[in-house]
Amino acid sequence: MLRYLCLLAMTGPLGAQDIPPYVPVNPALASRSALYAQPFVLPRDGWQPRIVIDYSNAVEAVAARDGRTYAFDAETMQVDLWLGRDMSRSVFAFGNVALRGGYDGFLDGFLNWYHDVIGLRVPARNRRTRNQFGWEFQLGGDSIVRERPGTFLGDLRLGGGARLSSRVQVTATMTLPTATTRADGWARGTVGTALAVTARAAQTSRVSVDVGVSSGWTPTHGDLREFQRTVFVGALVAGRWRFAGRQAVFSTLWVQSPNWKDTGFRALDRAEVTLDLGGLFSVRQGWPEIQVGLTEDLLPSGPSVDAGFKLGVRW
């Protein structure tokens, strides 16, 4: 182990690199907006593949003022497969498709123990059956029960970007309704669009900081269209610090406007604030960069996607 740590620390100096993108895994977001956090993409030669695996434990249990309840208890998986390529020094294209899933899960016992250890009570966990999927709420006079989808292919994302300067880029993306699940609530069911402007606000040989804003449009779809928003906005602040050799830590703060309206549930009607953070490790020149991290929903306050674990590889 000591030899391995020394090898990590002694790898040669390297300038600031890309910050990983963040794609929301909460189906309440992913089934509506095509927005995601896209930090600045540095020019690179050849094909640029990336794989990011997210596995999250979610528990939401909230009540509206009129007594209606909203409960979402599941473990979700998202395996994002990215492939990009520079067409020139200023123009690039990319595509993304995700293998997604929703399950009963197995982490409830561990997370209950962990919260007891740190003294953080999550009342929603005590009201839900351990390791059992559930997505139920009342809306528009109907009682709605969402099915467990299992594993399925998500919507295909296609995009392109232009670097307006060495520090400013514009990206445009479109998602196509290619999801293979028949379970409601897990896919958009229609085309989604997004436009983002990202700037590298600061960059040194060790530190990079990106800021950006996004907007998107997705038409309403399905039985709940009267509660769906069509225009979305988002913002990001992301940073990467190379602390030793090729080894770095990163974090992305992502803010996204509500995807829903007039439901009476704060988990749906309020903006989402998410922190994505972790480490980026490379053992030697020519080897892929390994991404290890966590994702935490900061707002709306209260139960949400309680713990998200992330593992990624970039070549």
# chains A, B, ... in the order shown; residues from 1 in each chain; ligands from 1
>>> select_by_dssp(residues="stretch 155-305 of chain A", states="helix (DSSP H, G or I)", output="PyMOL selection string")
chain A and resi 225-227+266-269
>>> closest_atom_pairs(of="stretch 28-81 of chain A", to="stretch 85-99 of chain A", cutoff="6 Å", atoms="only C-alpha atoms", output="Markdown table")
| residue | atom | partner | partner_atom | distance |
| --- | --- | --- | --- | --- |
| A:Trp47 | CA | A:Arg85 | CA | 4.9 |
| A:Gln48 | CA | A:Arg85 | CA | 5.8 |
| A:Gln78 | CA | A:Leu99 | CA | 5.7 |
| A:Val79 | CA | A:Leu99 | CA | 4.9 |
| A:Asp80 | CA | A:Ala98 | CA | 4.3 |
| A:Leu81 | CA | A:Val97 | CA | 5.5 |
>>> residues_around(residues="A:Thr171", least_positions_apart="5", cutoff="6 Å", atoms="only C-alpha atoms", output="MDAnalysis selection string")
chainID A and resid 160:161 195:196
>>> write_last_selection(atoms="all heavy atoms", output="CSV table (one decimal), in the first residue's frame")
chain,number,residue,atom,x,y,z
A,160,GLY,N,-23.4,18.9,-29.1
A,160,GLY,CA,-22.2,19.5,-29.7
A,160,GLY,C,-21.9,20.8,-29.0
A,160,GLY,O,-22.7,21.4,-28.3
A,161,GLY,N,-20.7,21.3,-29.1
A,161,GLY,CA,-20.2,22.5,-28.4
A,161,GLY,C,-19.2,23.3,-29.3
A,161,GLY,O,-18.6,22.8,-30.2
A,195,LEU,N,-29.5,24.1,-23.5
A,195,LEU,CA,-28.4,25.0,-24.0
A,195,LEU,C,-27.6,25.5,-22.8
A,195,LEU,O,-28.2,26.0,-21.8
A,195,LEU,CB,-29.0,26.2,-24.8
A,195,LEU,CG,-28.0,27.2,-25.4
A,195,LEU,CD1,-27.2,26.5,-26.6
A,195,LEU,CD2,-28.7,28.4,-25.9
A,196,ALA,N,-26.3,25.4,-22.8
A,196,ALA,CA,-25.5,25.8,-21.7
A,196,ALA,C,-24.3,26.7,-22.1
A,196,ALA,O,-23.7,26.4,-23.2
A,196,ALA,CB,-25.0,24.5,-21.0
>>> residues_around(residues="A:Ala201", least_positions_apart="2", cutoff="8 Å", atoms="only C-alpha atoms", output="list of chain:residue names")
A:Arg167, A:Ala199, A:Gln203, A:Ser208, A:Val209, A:Asp210, A:Val211
>>> atom_distance(atom1="atom CA of A:Gly245", atom2="atom CA of A:Gly46")
24.0 Å
>>> residues_around(residues="A:Phe309", least_positions_apart="3", cutoff="10 Å", atoms="only C-alpha atoms", output="list in words")
Ile53, Asp54, Tyr55, Ser56, Asn57, Met77, Asp276, Gly278, Val292, Gly293, Leu294, Thr295 and Glu296 of chain A
>>> write_last_selection(atoms="all heavy atoms", output="mmCIF file, in the first residue's frame")
data_model
loop_
_atom_site.group_PDB
_atom_site.id
_atom_site.type_symbol
_atom_site.label_atom_id
_atom_site.label_comp_id
_atom_site.auth_asym_id
_atom_site.auth_seq_id
_atom_site.Cartn_x
_atom_site.Cartn_y
_atom_site.Cartn_z
ATOM 1 N N ILE A 53 -20.640 5.407 -13.139
ATOM 2 C CA ILE A 53 -21.660 4.580 -12.506
ATOM 3 C C ILE A 53 -22.136 5.279 -11.235
ATOM 4 O O ILE A 53 -21.329 5.575 -10.347
ATOM 5 C CB ILE A 53 -21.111 3.189 -12.154
ATOM 6 C CG1 ILE A 53 -20.550 2.497 -13.406
ATOM 7 C CG2 ILE A 53 -22.188 2.328 -11.511
ATOM 8 C CD1 ILE A 53 -19.790 1.220 -13.103
ATOM 9 N N ASP A 54 -23.436 5.550 -11.163
ATOM 10 C CA ASP A 54 -24.054 6.114 -9.958
ATOM 11 C C ASP A 54 -24.978 5.071 -9.355
ATOM 12 O O ASP A 54 -25.817 4.497 -10.069
ATOM 13 C CB ASP A 54 -24.888 7.352 -10.300
ATOM 14 C CG ASP A 54 -24.044 8.570 -10.597
ATOM 15 O OD1 ASP A 54 -23.611 9.207 -9.626
ATOM 16 O OD2 ASP A 54 -23.836 8.873 -11.789
ATOM 17 N N TYR A 55 -24.853 4.866 -8.064
ATOM 18 C CA TYR A 55 -25.803 4.003 -7.358
ATOM 19 C C TYR A 55 -26.254 4.753 -6.113
ATOM 20 O O TYR A 55 -25.431 5.137 -5.272
ATOM 21 C CB TYR A 55 -25.182 2.667 -6.971
ATOM 22 C CG TYR A 55 -26.219 1.645 -6.553
ATOM 23 C CD1 TYR A 55 -26.832 0.835 -7.505
ATOM 24 C CD2 TYR A 55 -26.617 1.519 -5.222
ATOM 25 C CE1 TYR A 55 -27.806 -0.088 -7.137
ATOM 26 C CE2 TYR A 55 -27.592 0.605 -4.854
ATOM 27 C CZ TYR A 55 -28.171 -0.198 -5.814
ATOM 28 O OH TYR A 55 -29.144 -1.100 -5.451
ATOM 29 N N SER A 56 -27.557 4.993 -6.014
ATOM 30 C CA SER A 56 -28.080 5.873 -4.970
ATOM 31 C C SER A 56 -29.190 5.201 -4.182
ATOM 32 O O SER A 56 -29.958 4.402 -4.715
ATOM 33 C CB SER A 56 -28.632 7.167 -5.582
ATOM 34 O OG SER A 56 -27.626 7.881 -6.272
ATOM 35 N N ASN A 57 -29.255 5.557 -2.910
ATOM 36 C CA ASN A 57 -30.351 5.159 -2.040
ATOM 37 C C ASN A 57 -31.211 6.388 -1.799
ATOM 38 O O ASN A 57 -30.721 7.424 -1.349
ATOM 39 C CB ASN A 57 -29.807 4.610 -0.715
ATOM 40 C CG ASN A 57 -30.911 4.141 0.205
ATOM 41 O OD1 ASN A 57 -31.601 4.929 0.831
ATOM 42 N ND2 ASN A 57 -31.059 2.819 0.309
ATOM 43 N N MET A 77 -29.954 3.091 -10.062
ATOM 44 C CA MET A 77 -28.660 2.934 -10.732
ATOM 45 C C MET A 77 -28.668 3.731 -12.027
ATOM 46 O O MET A 77 -29.681 3.810 -12.719
ATOM 47 C CB MET A 77 -28.403 1.456 -11.058
ATOM 48 C CG MET A 77 -27.070 1.220 -11.773
ATOM 49 S SD MET A 77 -26.942 -0.449 -12.465
ATOM 50 C CE MET A 77 -28.132 -0.375 -13.820
ATOM 51 N N ASP A 276 -21.945 17.309 -5.895
ATOM 52 C CA ASP A 276 -21.267 16.134 -6.446
ATOM 53 C C ASP A 276 -19.775 16.322 -6.190
ATOM 54 O O ASP A 276 -19.196 17.323 -6.625
ATOM 55 C CB ASP A 276 -21.562 16.030 -7.945
ATOM 56 C CG ASP A 276 -20.992 14.773 -8.577
ATOM 57 O OD1 ASP A 276 -21.097 13.697 -7.958
ATOM 58 O OD2 ASP A 276 -20.450 14.873 -9.703
ATOM 59 N N GLY A 278 -15.673 14.318 -5.136
ATOM 60 C CA GLY A 278 -14.907 13.078 -5.052
ATOM 61 C C GLY A 278 -13.466 13.279 -5.446
ATOM 62 O O GLY A 278 -12.941 14.394 -5.450
ATOM 63 N N VAL A 292 -13.887 8.565 -8.235
ATOM 64 C CA VAL A 292 -14.572 7.991 -7.081
ATOM 65 C C VAL A 292 -15.243 9.139 -6.337
ATOM 66 O O VAL A 292 -14.593 10.162 -6.065
ATOM 67 C CB VAL A 292 -13.601 7.250 -6.149
ATOM 68 C CG1 VAL A 292 -14.342 6.672 -4.953
ATOM 69 C CG2 VAL A 292 -12.855 6.147 -6.901
ATOM 70 N N GLY A 293 -16.528 8.987 -6.000
ATOM 71 C CA GLY A 293 -17.167 10.123 -5.357
ATOM 72 C C GLY A 293 -18.498 9.814 -4.717
ATOM 73 O O GLY A 293 -18.961 8.675 -4.660
ATOM 74 N N LEU A 294 -19.111 10.894 -4.219
ATOM 75 C CA LEU A 294 -20.408 10.857 -3.555
ATOM 76 C C LEU A 294 -21.273 11.981 -4.108
ATOM 77 O O LEU A 294 -20.758 13.022 -4.544
ATOM 78 C CB LEU A 294 -20.264 11.046 -2.046
ATOM 79 C CG LEU A 294 -19.487 9.993 -1.256
ATOM 80 C CD1 LEU A 294 -19.258 10.486 0.167
ATOM 81 C CD2 LEU A 294 -20.257 8.678 -1.243
ATOM 82 N N THR A 295 -22.579 11.777 -4.054
ATOM 83 C CA THR A 295 -23.531 12.809 -4.443
ATOM 84 C C THR A 295 -24.549 12.978 -3.323
ATOM 85 O O THR A 295 -25.051 11.994 -2.792
ATOM 86 C CB THR A 295 -24.254 12.434 -5.745
ATOM 87 O OG1 THR A 295 -23.287 12.215 -6.774
ATOM 88 C CG2 THR A 295 -25.194 13.532 -6.179
ATOM 89 N N GLU A 296 -24.846 14.222 -3.000
ATOM 90 C CA GLU A 296 -25.780 14.502 -1.908
ATOM 91 C C GLU A 296 -26.727 15.613 -2.327
ATOM 92 O O GLU A 296 -26.305 16.678 -2.796
ATOM 93 C CB GLU A 296 -25.027 14.920 -0.652
ATOM 94 C CG GLU A 296 -25.902 15.228 0.551
ATOM 95 C CD GLU A 296 -26.573 13.989 1.132
ATOM 96 O OE1 GLU A 296 -26.030 12.877 0.973
ATOM 97 O OE2 GLU A 296 -27.641 14.150 1.755
#
>>> atom_distance(atom1="atom CA of A:Ala248", atom2="atom CA of A:Gly312")
14.0 Å
>>> residues_around(residues="A:Ala183", least_positions_apart="6", cutoff="10 Å", atoms="only C-alpha atoms", output="ChimeraX atom specification")
/A:146-150
>>> write_last_selection(atoms="N, CA and C atoms", output="PDB file, in the first residue's frame")
ATOM      1  N   ARG A 146     -46.282   4.186  -8.857  1.00  0.00           N
ATOM      2  CA  ARG A 146     -45.290   3.930  -9.899  1.00  0.00           C
ATOM      3  C   ARG A 146     -44.699   2.537  -9.713  1.00  0.00           C
ATOM      4  N   GLU A 147     -44.477   1.846 -10.824  1.00  0.00           N
ATOM      5  CA  GLU A 147     -43.920   0.508 -10.780  1.00  0.00           C
ATOM      6  C   GLU A 147     -42.398   0.529 -10.672  1.00  0.00           C
ATOM      7  N   ARG A 148     -41.856  -0.519 -10.111  1.00  0.00           N
ATOM      8  CA  ARG A 148     -40.406  -0.722 -10.098  1.00  0.00           C
ATOM      9  C   ARG A 148     -39.977  -1.101 -11.517  1.00  0.00           C
ATOM     10  N   PRO A 149     -39.047  -0.354 -12.129  1.00  0.00           N
ATOM     11  CA  PRO A 149     -38.756  -0.591 -13.550  1.00  0.00           C
ATOM     12  C   PRO A 149     -37.734  -1.681 -13.822  1.00  0.00           C
ATOM     13  N   GLY A 150     -36.956  -2.079 -12.806  1.00  0.00           N
ATOM     14  CA  GLY A 150     -35.839  -2.975 -13.083  1.00  0.00           C
ATOM     15  C   GLY A 150     -34.751  -2.224 -13.837  1.00  0.00           C
TER      16      GLY A 150
END
>>> select_by_dssp(residues="stretch 24-81 of chain A", states="strand (DSSP E)", output="PyMOL selection string")
chain A and resi 47-63+69-81
>>> closest_residue(among="A:Arg130, A:Lys310, A:Arg182, A:Arg68", to="A:Ser143", atoms="only C-alpha atoms")
A:Arg68
>>> residues_around(residues="A:Glu136", least_positions_apart="5", cutoff="9 Å", atoms="only C-alpha atoms", output="VMD selection string")
chain A and resid 69 to 72 143 to 146
>>> atom_distance(atom1="atom CA of A:Phe243", atom2="atom CA of A:Val41")
20.7 Å
>>> closest_residue(among="A:Leu280, A:Val231, A:Thr178, A:Ile51", to="A:Trp217", atoms="only C-alpha atoms")
A:Val231
>>> closest_residue(among="A:Pro27, A:Pro43, A:Gly101, A:Gly216", to="A:Thr181", atoms="only C-alpha atoms")
A:Gly101
>>> closest_atom_pairs(of="stretch 157-236 of chain A", to="stretch 253-258 of chain A", cutoff="8 Å", atoms="only C-alpha atoms", output="Markdown table")
| residue | atom | partner | partner_atom | distance |
| --- | --- | --- | --- | --- |
| A:Arg229 | CA | A:Pro258 | CA | 7.7 |
| A:Phe232 | CA | A:Ser257 | CA | 5.9 |
| A:Val233 | CA | A:Ser257 | CA | 5.5 |
| A:Gly234 | CA | A:Gln256 | CA | 4.3 |
| A:Ala235 | CA | A:Val255 | CA | 5.3 |
| A:Leu236 | CA | A:Trp254 | CA | 4.7 |
>>> write_last_selection(atoms="N, CA and C atoms", output="compact mmCIF listing (two decimals), in the first residue's frame")
# COMPACT_ATOMS: atom_id res chain seq x y z
N ARG A 229 -43.71 21.45 -15.68
CA ARG A 229 -43.13 22.64 -16.28
C ARG A 229 -42.47 22.27 -17.61
N PHE A 232 -36.83 25.13 -18.15
CA PHE A 232 -35.98 24.83 -16.99
C PHE A 232 -34.70 25.66 -17.07
N VAL A 233 -34.16 25.99 -15.91
CA VAL A 233 -32.87 26.70 -15.85
C VAL A 233 -32.00 26.02 -14.79
N GLY A 234 -30.70 26.14 -14.97
CA GLY A 234 -29.77 25.55 -14.02
C GLY A 234 -28.49 26.37 -13.96
N ALA A 235 -27.69 26.12 -12.93
CA ALA A 235 -26.41 26.81 -12.77
C ALA A 235 -25.43 25.89 -12.07
N LEU A 236 -24.16 26.05 -12.38
CA LEU A 236 -23.13 25.23 -11.74
C LEU A 236 -21.95 26.08 -11.31
